[in-house]
Structure formats: C-alpha cells, structure tokens
file start31.cif (mmCIF, C-alpha atoms, pLDDT in the B column; chains and numbers go by the auth columns)
data_target
#
loop_
_atom_site.group_PDB
_atom_site.id
_atom_site.type_symbol
_atom_site.label_atom_id
_atom_site.label_comp_id
_atom_site.label_asym_id
_atom_site.label_seq_id
_atom_site.Cartn_x
_atom_site.Cartn_y
_atom_site.Cartn_z
_atom_site.B_iso_or_equiv
_atom_site.auth_seq_id
_atom_site.auth_asym_id
ATOM 1 C CA MET A 1 -63.397 40.144 22.888 39.00 1 A
ATOM 2 C CA GLN A 2 -67.158 40.006 23.352 48.00 2 A
ATOM 3 C CA HIS A 3 -67.286 37.120 20.880 51.00 3 A
ATOM 4 C CA ASN A 4 -64.958 35.006 23.000 70.00 4 A
ATOM 5 C CA ARG A 5 -66.891 35.835 26.132 82.00 5 A
ATOM 6 C CA PHE A 6 -70.131 34.397 24.813 89.00 6 A
ATOM 7 C CA SER A 7 -68.763 31.588 22.663 90.00 7 A
ATOM 8 C CA ARG A 8 -70.443 28.950 24.883 92.00 8 A
ATOM 9 C CA TYR A 9 -73.807 30.168 23.644 95.00 9 A
ATOM 10 C CA ALA A 10 -75.421 29.920 20.219 94.00 10 A
ATOM 11 C CA GLY A 11 -77.826 32.213 18.438 96.00 11 A
ATOM 12 C CA ILE A 12 -80.900 30.774 16.758 95.00 12 A
ATOM 13 C CA LEU A 13 -82.431 32.878 13.986 96.00 13 A
ATOM 14 C CA LEU A 14 -85.925 31.776 12.992 93.00 14 A
ATOM 15 C CA ALA A 15 -86.462 32.729 9.356 91.00 15 A
ATOM 16 C CA ALA A 16 -88.812 30.007 8.131 87.00 16 A
ATOM 17 C CA GLY A 17 -92.201 31.683 8.380 78.00 17 A
ATOM 18 C CA LYS A 18 -94.505 32.262 5.417 72.00 18 A
ATOM 19 C CA GLY A 19 -94.961 35.987 5.973 67.00 19 A
ATOM 20 C CA SER A 20 -98.466 35.806 4.559 66.00 20 A
ATOM 21 C CA ARG A 21 -99.652 38.921 6.408 71.00 21 A
ATOM 22 C CA PHE A 22 -96.991 41.000 4.681 76.00 22 A
ATOM 23 C CA ASP A 23 -97.972 39.865 1.193 71.00 23 A
ATOM 24 C CA PRO A 24 -101.021 37.597 1.002 72.00 24 A
ATOM 25 C CA GLY A 25 -100.227 36.936 -2.664 72.00 25 A
ATOM 26 C CA GLY A 26 -96.845 35.507 -1.762 69.00 26 A
ATOM 27 C CA GLU A 27 -94.900 37.551 -4.315 76.00 27 A
ATOM 28 C CA ARG A 28 -92.751 39.569 -1.904 82.00 28 A
ATOM 29 C CA ASN A 29 -90.750 37.847 0.809 87.00 29 A
ATOM 30 C CA LYS A 30 -90.707 40.269 3.726 90.00 30 A
ATOM 31 C CA LEU A 31 -87.321 38.986 4.871 92.00 31 A
ATOM 32 C CA LEU A 32 -85.760 40.194 1.612 93.00 32 A
ATOM 33 C CA GLN A 33 -87.205 43.719 1.714 92.00 33 A
ATOM 34 C CA PRO A 34 -84.677 46.552 2.094 92.00 34 A
ATOM 35 C CA LEU A 35 -84.566 48.741 5.167 94.00 35 A
ATOM 36 C CA ALA A 36 -83.341 52.322 5.443 91.00 36 A
ATOM 37 C CA ASN A 37 -79.820 51.014 6.128 90.00 37 A
ATOM 38 C CA GLY A 38 -79.733 49.416 2.664 92.00 38 A
ATOM 39 C CA GLU A 39 -79.687 45.898 4.109 95.00 39 A
ATOM 40 C CA THR A 40 -82.530 43.414 3.952 95.00 40 A
ATOM 41 C CA VAL A 41 -84.720 42.640 6.945 95.00 41 A
ATOM 42 C CA VAL A 42 -83.195 39.207 7.522 96.00 42 A
ATOM 43 C CA ALA A 43 -79.584 40.320 6.968 97.00 43 A
ATOM 44 C CA THR A 44 -80.001 43.093 9.526 97.00 44 A
ATOM 45 C CA ALA A 45 -81.546 40.728 12.066 97.00 45 A
ATOM 46 C CA ALA A 46 -78.701 38.255 11.519 97.00 46 A
ATOM 47 C CA LYS A 47 -75.974 40.903 11.811 97.00 47 A
ATOM 48 C CA ASN A 48 -77.385 42.147 15.100 97.00 48 A
ATOM 49 C CA LEU A 49 -77.248 38.620 16.529 97.00 49 A
ATOM 50 C CA LEU A 50 -73.799 37.919 15.071 96.00 50 A
ATOM 51 C CA ALA A 51 -72.531 41.105 16.720 95.00 51 A
ATOM 52 C CA VAL A 52 -72.985 39.346 20.062 95.00 52 A
ATOM 53 C CA LEU A 53 -72.647 35.612 19.380 95.00 53 A
ATOM 54 C CA PRO A 54 -69.998 34.055 17.125 91.00 54 A
ATOM 55 C CA ARG A 55 -72.259 31.148 16.174 94.00 55 A
ATOM 56 C CA VAL A 56 -75.715 31.631 14.701 96.00 56 A
ATOM 57 C CA VAL A 57 -77.871 28.784 13.366 95.00 57 A
ATOM 58 C CA ALA A 58 -80.520 30.120 10.994 95.00 58 A
ATOM 59 C CA VAL A 59 -83.609 28.127 10.006 93.00 59 A
ATOM 60 C CA VAL A 60 -85.199 28.746 6.588 93.00 60 A
ATOM 61 C CA ARG A 61 -87.971 27.302 4.451 89.00 61 A
ATOM 62 C CA GLN A 62 -87.285 24.853 1.631 86.00 62 A
ATOM 63 C CA ASP A 63 -88.165 27.455 -1.021 83.00 63 A
ATOM 64 C CA SER A 64 -86.013 30.251 0.435 87.00 64 A
ATOM 65 C CA ASP A 65 -82.798 30.057 -1.591 90.00 65 A
ATOM 66 C CA ALA A 66 -82.253 33.831 -1.570 92.00 66 A
ATOM 67 C CA VAL A 67 -82.707 34.076 2.189 94.00 67 A
ATOM 68 C CA ALA A 68 -80.387 31.116 2.711 93.00 68 A
ATOM 69 C CA ALA A 69 -77.748 32.668 0.445 96.00 69 A
ATOM 70 C CA GLN A 70 -77.735 35.961 2.345 96.00 70 A
ATOM 71 C CA LEU A 71 -77.463 34.242 5.710 96.00 71 A
ATOM 72 C CA THR A 72 -74.720 31.896 4.525 96.00 72 A
ATOM 73 C CA ALA A 73 -72.730 34.858 3.206 97.00 73 A
ATOM 74 C CA LEU A 74 -72.930 36.503 6.626 96.00 74 A
ATOM 75 C CA GLY A 75 -71.510 33.408 8.313 96.00 75 A
ATOM 76 C CA CYS A 76 -74.647 31.779 9.680 96.00 76 A
ATOM 77 C CA GLU A 77 -75.090 28.009 9.676 95.00 77 A
ATOM 78 C CA VAL A 78 -78.212 27.652 7.547 95.00 78 A
ATOM 79 C CA LEU A 79 -80.644 24.792 8.084 91.00 79 A
ATOM 80 C CA VAL A 80 -83.622 24.032 5.872 91.00 80 A
ATOM 81 C CA CYS A 81 -86.585 22.955 7.976 84.00 81 A
ATOM 82 C CA PRO A 82 -88.828 20.534 6.056 80.00 82 A
ATOM 83 C CA LEU A 83 -91.507 20.913 8.734 78.00 83 A
ATOM 84 C CA ALA A 84 -91.564 24.728 8.709 77.00 84 A
ATOM 85 C CA ASP A 85 -95.266 24.821 7.835 77.00 85 A
ATOM 86 C CA ARG A 86 -96.055 23.276 11.215 80.00 86 A
ATOM 87 C CA GLY A 87 -95.034 26.554 12.830 75.00 87 A
ATOM 88 C CA MET A 88 -92.323 28.224 14.834 78.00 88 A
ATOM 89 C CA GLY A 89 -92.043 25.421 17.378 77.00 89 A
ATOM 90 C CA ALA A 90 -91.006 22.914 14.714 79.00 90 A
ATOM 91 C CA SER A 91 -88.405 25.321 13.297 84.00 91 A
ATOM 92 C CA LEU A 92 -86.981 26.016 16.731 84.00 92 A
ATOM 93 C CA ALA A 93 -86.680 22.351 17.665 83.00 93 A
ATOM 94 C CA HIS A 94 -84.976 21.708 14.303 84.00 94 A
ATOM 95 C CA ALA A 95 -82.396 24.416 14.956 87.00 95 A
ATOM 96 C CA LEU A 96 -81.728 23.323 18.517 88.00 96 A
ATOM 97 C CA SER A 97 -81.012 19.786 17.391 86.00 97 A
ATOM 98 C CA GLN A 98 -78.088 21.290 15.428 87.00 98 A
ATOM 99 C CA ALA A 99 -76.789 23.338 18.358 88.00 99 A
ATOM 100 C CA SER A 100 -77.754 21.127 21.293 87.00 100 A
ATOM 101 C CA GLU A 101 -74.268 21.197 22.811 91.00 101 A
ATOM 102 C CA ALA A 102 -74.363 24.934 23.571 92.00 102 A
ATOM 103 C CA ALA A 103 -74.634 26.191 27.148 92.00 103 A
ATOM 104 C CA GLY A 104 -77.636 28.266 26.130 93.00 104 A
ATOM 105 C CA TRP A 105 -79.330 29.975 23.215 93.00 105 A
ATOM 106 C CA ILE A 106 -80.589 33.384 22.243 95.00 106 A
ATOM 107 C CA ILE A 107 -83.599 32.790 19.996 93.00 107 A
ATOM 108 C CA ALA A 108 -84.184 35.701 17.643 95.00 108 A
ATOM 109 C CA LEU A 109 -86.689 36.255 14.851 93.00 109 A
ATOM 110 C CA GLY A 110 -85.694 36.935 11.266 94.00 110 A
ATOM 111 C CA ASP A 111 -88.416 39.562 10.900 94.00 111 A
ATOM 112 C CA MET A 112 -87.254 41.654 13.888 95.00 112 A
ATOM 113 C CA PRO A 113 -84.367 43.726 12.491 96.00 113 A
ATOM 114 C CA PHE A 114 -84.629 46.625 14.934 96.00 114 A
ATOM 115 C CA VAL A 115 -83.454 44.771 18.060 97.00 115 A
ATOM 116 C CA ARG A 116 -80.209 46.371 19.213 96.00 116 A
ATOM 117 C CA PRO A 117 -77.164 44.177 19.813 96.00 117 A
ATOM 118 C CA ALA A 118 -76.933 45.665 23.314 97.00 118 A
ATOM 119 C CA SER A 119 -80.265 44.056 24.173 97.00 119 A
ATOM 120 C CA MET A 120 -79.031 40.649 23.043 96.00 120 A
ATOM 121 C CA ARG A 121 -75.801 41.167 24.960 96.00 121 A
ATOM 122 C CA ALA A 122 -77.841 41.832 28.106 96.00 122 A
ATOM 123 C CA LEU A 123 -79.573 38.471 27.647 96.00 123 A
ATOM 124 C CA ALA A 124 -76.231 36.694 27.237 95.00 124 A
ATOM 125 C CA VAL A 125 -74.962 38.324 30.428 96.00 125 A
ATOM 126 C CA ALA A 126 -78.087 37.129 32.246 96.00 126 A
ATOM 127 C CA LEU A 127 -77.398 33.569 31.057 94.00 127 A
ATOM 128 C CA GLU A 128 -73.825 33.902 32.309 94.00 128 A
ATOM 129 C CA GLN A 129 -75.157 34.981 35.687 94.00 129 A
ATOM 130 C CA GLY A 130 -77.348 31.899 35.997 93.00 130 A
ATOM 131 C CA ALA A 131 -80.693 32.796 34.444 92.00 131 A
ATOM 132 C CA ASP A 132 -82.507 29.801 32.909 90.00 132 A
ATOM 133 C CA ILE A 133 -85.004 31.825 30.849 90.00 133 A
ATOM 134 C CA THR A 134 -84.539 35.529 30.213 93.00 134 A
ATOM 135 C CA VAL A 135 -86.503 38.051 28.159 95.00 135 A
ATOM 136 C CA PRO A 136 -86.053 41.765 27.473 96.00 136 A
ATOM 137 C CA THR A 137 -88.695 44.270 28.498 96.00 137 A
ATOM 138 C CA TRP A 138 -89.349 47.765 27.204 96.00 138 A
ATOM 139 C CA GLN A 139 -91.700 50.065 29.072 95.00 139 A
ATOM 140 C CA GLY A 140 -92.771 47.096 31.174 93.00 140 A
ATOM 141 C CA ARG A 141 -93.724 44.837 28.267 94.00 141 A
ATOM 142 C CA ARG A 142 -91.889 41.693 27.223 93.00 142 A
ATOM 143 C CA GLY A 143 -90.397 41.356 23.758 94.00 143 A
ATOM 144 C CA ASN A 144 -87.929 39.283 21.744 94.00 144 A
ATOM 145 C CA PRO A 145 -85.403 37.683 21.567 95.00 145 A
ATOM 146 C CA VAL A 146 -85.739 35.111 24.337 94.00 146 A
ATOM 147 C CA ALA A 147 -82.784 33.278 25.870 93.00 147 A
ATOM 148 C CA PHE A 148 -82.708 29.820 27.433 91.00 148 A
ATOM 149 C CA SER A 149 -80.062 27.909 29.343 90.00 149 A
ATOM 150 C CA ARG A 150 -79.523 24.286 28.443 90.00 150 A
ATOM 151 C CA LYS A 151 -81.580 23.298 31.485 88.00 151 A
ATOM 152 C CA HIS A 152 -84.631 23.638 29.233 81.00 152 A
ATOM 153 C CA LEU A 153 -83.258 21.744 26.223 81.00 153 A
ATOM 154 C CA PRO A 154 -85.549 18.693 26.726 79.00 154 A
ATOM 155 C CA GLU A 155 -88.677 20.870 26.649 79.00 155 A
ATOM 156 C CA LEU A 156 -87.413 22.898 23.698 79.00 156 A
ATOM 157 C CA LEU A 157 -86.585 19.869 21.572 74.00 157 A
ATOM 158 C CA VAL A 158 -90.163 18.594 21.679 75.00 158 A
ATOM 159 C CA LEU A 159 -91.765 21.877 20.630 67.00 159 A
ATOM 160 C CA ASN A 160 -94.122 21.790 17.670 66.00 160 A
ATOM 161 C CA GLY A 161 -96.718 24.037 16.121 59.00 161 A
ATOM 162 C CA GLU A 162 -97.277 27.799 16.216 60.00 162 A
ATOM 163 C CA GLN A 163 -96.717 28.475 19.900 60.00 163 A
ATOM 164 C CA GLY A 164 -92.958 28.220 19.808 64.00 164 A
ATOM 165 C CA ALA A 165 -91.461 28.528 23.277 72.00 165 A
ATOM 166 C CA ARG A 166 -94.265 30.670 24.710 75.00 166 A
ATOM 167 C CA ARG A 167 -95.570 27.790 26.808 77.00 167 A
ATOM 168 C CA LEU A 168 -92.237 27.559 28.626 78.00 168 A
ATOM 169 C CA LEU A 169 -92.393 31.253 29.494 76.00 169 A
ATOM 170 C CA GLN A 170 -95.681 30.567 31.236 79.00 170 A
ATOM 171 C CA ALA A 171 -94.562 27.402 32.997 78.00 171 A
ATOM 172 C CA PHE A 172 -91.141 28.375 34.384 84.00 172 A
ATOM 173 C CA PRO A 173 -89.551 31.356 36.177 86.00 173 A
ATOM 174 C CA VAL A 174 -88.427 34.091 33.783 91.00 174 A
ATOM 175 C CA THR A 175 -85.744 36.714 34.397 92.00 175 A
ATOM 176 C CA GLU A 176 -86.830 40.023 32.877 95.00 176 A
ATOM 177 C CA ILE A 177 -84.161 42.461 31.678 96.00 177 A
ATOM 178 C CA ALA A 178 -85.288 46.060 31.182 97.00 178 A
ATOM 179 C CA VAL A 179 -83.734 47.565 28.042 96.00 179 A
ATOM 180 C CA ASP A 180 -84.032 50.963 26.369 95.00 180 A
ATOM 181 C CA ASP A 181 -84.928 49.397 23.052 96.00 181 A
ATOM 182 C CA PRO A 182 -88.346 49.641 21.389 95.00 182 A
ATOM 183 C CA GLY A 183 -86.986 47.270 18.730 94.00 183 A
ATOM 184 C CA ILE A 184 -87.674 44.270 20.970 94.00 184 A
ATOM 185 C CA ARG A 185 -91.385 44.740 20.215 94.00 185 A
ATOM 186 C CA MET A 186 -91.159 45.696 16.527 92.00 186 A
ATOM 187 C CA ASP A 187 -91.549 43.008 13.889 89.00 187 A
ATOM 188 C CA ILE A 188 -92.220 43.301 10.177 89.00 188 A
ATOM 189 C CA ASP A 189 -95.824 42.309 9.572 85.00 189 A
ATOM 190 C CA THR A 190 -96.851 44.836 6.897 85.00 190 A
ATOM 191 C CA PRO A 191 -94.935 46.987 4.378 85.00 191 A
ATOM 192 C CA SER A 192 -95.394 50.060 6.599 86.00 192 A
ATOM 193 C CA ASP A 193 -93.354 48.340 9.322 89.00 193 A
ATOM 194 C CA LEU A 194 -90.225 48.627 7.161 86.00 194 A
ATOM 195 C CA THR A 195 -89.956 52.329 8.029 83.00 195 A
ATOM 196 C CA PRO A 196 -90.994 52.689 11.664 75.00 196 A
ATOM 197 C CA ALA A 197 -91.828 56.102 13.043 63.00 197 A
ATOM 198 C CA ASN A 198 -89.162 57.522 15.310 52.00 198 A
#

call {"tool": "encode", "arguments": {"input": "start31.cif", "output": "structure tokens"}}
result
Amino acid sequence: MQHNRFSRYAGILLAAGKGSRFDPGGERNKLLQPLANGETVVATAAKNLLAVLPRVVAVVRQDSDAVAAQLTALGCEVLVCPLADRGMGASLAHALSQASEAAGWIIALGDMPFVRPASMRALAVALEQGADITVPTWQGRRGNPVAFSRKHLPELLVLNGEQGARRLLQAFPVTEIAVDDPGIRMDIDTPSDLTPAN
C-alpha cells in the first residue's frame, strides 16, 4: 500500500564513490562490507530505500561489478556512471537523467545504511504535501537523504563535481523534517563505522 502511494517518486542511490578514506589501498570496497544484520552496507541502504519507494535508480562505478550485482538482485535499476570520478554531482545528474519523469526524488547515499525507512517515508510525505526540497534533521542537525520535487530538475541535471546538491540547499527554501533517527548522520567512512555504538 505504501508502495502505491509513493509510486510517482523515484529513489536515487548514489553508490559510485571511491571510498578511499575507508581503505586507502583500495583493496576493500566499503559498500561490500558486512554489517551486524549480515547484509552488506550497500544492500542495506538499498533495502531501506526500496521499503518506501518502488523504483530505485542506483549509480555505480565502472569497476563495481559486485556492487552492481547486489543492487540488481534487489530490484534496483543500476546505471554505470562513466564520469563518477568527477564527484557526486556528476553521478546524481546521471541518475536523474534516467528518472527525469518522476514527480520527485529521494536521494540517498550507498554508504549510509543506518537511515530508517520511516525517515525516508517522512520525506516522501513532505513532497506529497508540496515541499520542493526537504531534509531530515536529528537533534537540530541536517542529515541525509535529501528529497527534491521536479521543480528543481533543471538545476539538478547540470550538477557536476564533489558538491552534489549542497548548493541548492543553500540557494532555495528547505523544509526540515525532525526525525528520531541518528542514522541520518551516520555514514561509513572508516571500518569502525560498521559497528556504531548504541
């Protein structure tokens, strides 16, 4: 029932980063590391988004066959971004070009597996109620994912580089949604982040 309600919207899962802080040597892909639930980081992030939105477009790097396979198996539409090294903005614009017909998008990060589906659902509800940009907050601080209505598609499609959509959050009104979810501020940057303290 929830799926039908939000079927006008699409999820974007950004999973094309290098993850060099996690393993400077490049031997361990942080997105493929297991969490306490037995699932990988990226699979957990994808499942949380798929629990709210029936359509998720995931962006991966050209050399990420294992990540792509996991996301495809979960039902994501997987796109390889040839310009991933330019940064998050390039990956996001690439994904949006595939889902440009949606009424809005929830843009989630593949290395943020602890975001609760309820937080994403709150963003989708805000879009339904007319918000153009909406972000979750926890203890007064903004986190991820971020949701946009299609009003901002032109600006999103020309993004490039590392900044992603941050510039739009500074330039336009943002609806903040308070959530009881520390996961909106928890990403996987180092191996110790895989087992966060309760």

call {"tool": "atom_distance", "arguments": {"input": "start31.cif", "atom1": "CA of Asp187 in chain A", "atom2": "CA of Met112 in chain A"}}
result
4.5 Å

call {"tool": "closest_residue", "arguments": {"input": "start31.cif", "among": "A:Arg61, A:Arg142, A:Arg185, A:Lys30", "to": "Leu169 in chain A", "atoms": "only C-alpha atoms"}}
result
A:Arg142

call {"tool": "closest_residue", "arguments": {"input": "start31.cif", "among": "A:Ala10, A:Ile188, A:Leu32, A:Ala171", "to": "Met120 in chain A", "atoms": "all atoms listed in the file"}}
result
A:Ala10

call {"tool": "resolve_selection", "arguments": {"input": "start31.cif", "expression": "the PyMOL selection byres ((chain A and resi 76) around 7)", "output": "list of chain:residue names"}}
result
A:Arg55, A:Val56, A:Val57, A:Ala58, A:Leu71, A:Thr72, A:Leu74, A:Gly75, A:Glu77, A:Val78

call {"tool": "resolve_selection", "arguments": {"input": "start31.cif", "expression": "the PyMOL selection byres ((chain A and resi 82) around 12)", "output": "ChimeraX atom specification"}}
result
/A:16-17,59-64,79-81,83-87,90-91,93-95

call {"tool": "build_atoms", "arguments": {"input": "start31.cif", "residues": "range 113-142 of chain A", "atoms": "N, CA and C atoms", "output": "compact mmCIF listing (two decimals), in the coordinates of the input"}}
result
# COMPACT_ATOMS: atom_id res chain seq x y z
N PRO A 113 -85.69 43.17 12.76
CA PRO A 113 -84.37 43.73 12.49
C PRO A 113 -83.98 44.92 13.36
N PHE A 114 -84.91 45.40 14.19
CA PHE A 114 -84.63 46.62 14.93
C PHE A 114 -84.16 46.37 16.37
N VAL A 115 -83.99 45.10 16.73
CA VAL A 115 -83.45 44.77 18.06
C VAL A 115 -81.98 45.17 18.10
N ARG A 116 -81.60 45.91 19.12
CA ARG A 116 -80.21 46.37 19.21
C ARG A 116 -79.32 45.27 19.77
N PRO A 117 -78.09 45.17 19.26
CA PRO A 117 -77.16 44.18 19.81
C PRO A 117 -77.00 44.29 21.33
N ALA A 118 -77.08 45.49 21.87
CA ALA A 118 -76.93 45.66 23.31
C ALA A 118 -78.01 44.90 24.08
N SER A 119 -79.20 44.80 23.51
CA SER A 119 -80.26 44.06 24.17
C SER A 119 -79.94 42.57 24.20
N MET A 120 -79.41 42.06 23.10
CA MET A 120 -79.03 40.65 23.04
C MET A 120 -77.86 40.37 23.98
N ARG A 121 -76.94 41.33 24.05
CA ARG A 121 -75.80 41.17 24.96
C ARG A 121 -76.29 41.08 26.41
N ALA A 122 -77.30 41.87 26.75
CA ALA A 122 -77.84 41.83 28.11
C ALA A 122 -78.43 40.46 28.43
N LEU A 123 -79.05 39.82 27.43
CA LEU A 123 -79.57 38.47 27.65
C LEU A 123 -78.44 37.47 27.86
N ALA A 124 -77.37 37.60 27.08
CA ALA A 124 -76.23 36.69 27.24
C ALA A 124 -75.59 36.86 28.61
N VAL A 125 -75.50 38.08 29.09
CA VAL A 125 -74.96 38.32 30.43
C VAL A 125 -75.85 37.67 31.48
N ALA A 126 -77.17 37.76 31.30
CA ALA A 126 -78.09 37.13 32.25
C ALA A 126 -77.89 35.61 32.27
N LEU A 127 -77.69 35.00 31.09
CA LEU A 127 -77.40 33.57 31.06
C LEU A 127 -76.12 33.27 31.83
N GLU A 128 -75.10 34.08 31.60
CA GLU A 128 -73.82 33.90 32.31
C GLU A 128 -74.02 33.93 33.82
N GLN A 129 -74.93 34.78 34.26
CA GLN A 129 -75.16 34.98 35.69
C GLN A 129 -76.14 33.97 36.28
N GLY A 130 -76.56 33.00 35.46
CA GLY A 130 -77.35 31.90 36.00
C GLY A 130 -78.82 31.88 35.66
N ALA A 131 -79.28 32.81 34.84
CA ALA A 131 -80.69 32.80 34.44
C ALA A 131 -80.97 31.57 33.56
N ASP A 132 -82.13 30.95 33.75
CA ASP A 132 -82.51 29.80 32.91
C ASP A 132 -83.38 30.23 31.72
N ILE A 133 -84.24 31.22 31.94
CA ILE A 133 -85.00 31.82 30.85
C ILE A 133 -84.95 33.33 31.08
N THR A 134 -84.60 34.08 30.05
CA THR A 134 -84.54 35.53 30.21
C THR A 134 -85.12 36.22 28.98
N VAL A 135 -85.87 37.29 29.23
CA VAL A 135 -86.50 38.05 28.16
C VAL A 135 -86.24 39.53 28.38
N PRO A 136 -86.18 40.32 27.31
CA PRO A 136 -86.05 41.76 27.47
C PRO A 136 -87.43 42.40 27.67
N THR A 137 -87.45 43.50 28.38
CA THR A 137 -88.70 44.27 28.50
C THR A 137 -88.42 45.72 28.12
N TRP A 138 -89.40 46.34 27.53
CA TRP A 138 -89.35 47.76 27.20
C TRP A 138 -90.65 48.40 27.66
N GLN A 139 -90.52 49.41 28.49
CA GLN A 139 -91.70 50.06 29.07
C GLN A 139 -92.63 49.05 29.73
N GLY A 140 -92.01 48.06 30.40
CA GLY A 140 -92.77 47.10 31.17
C GLY A 140 -93.38 45.95 30.39
N ARG A 141 -93.13 45.91 29.09
CA ARG A 141 -93.72 44.84 28.27
C ARG A 141 -92.63 43.95 27.69
N ARG A 142 -92.87 42.65 27.74
CA ARG A 142 -91.89 41.69 27.22
C ARG A 142 -91.80 41.74 25.70
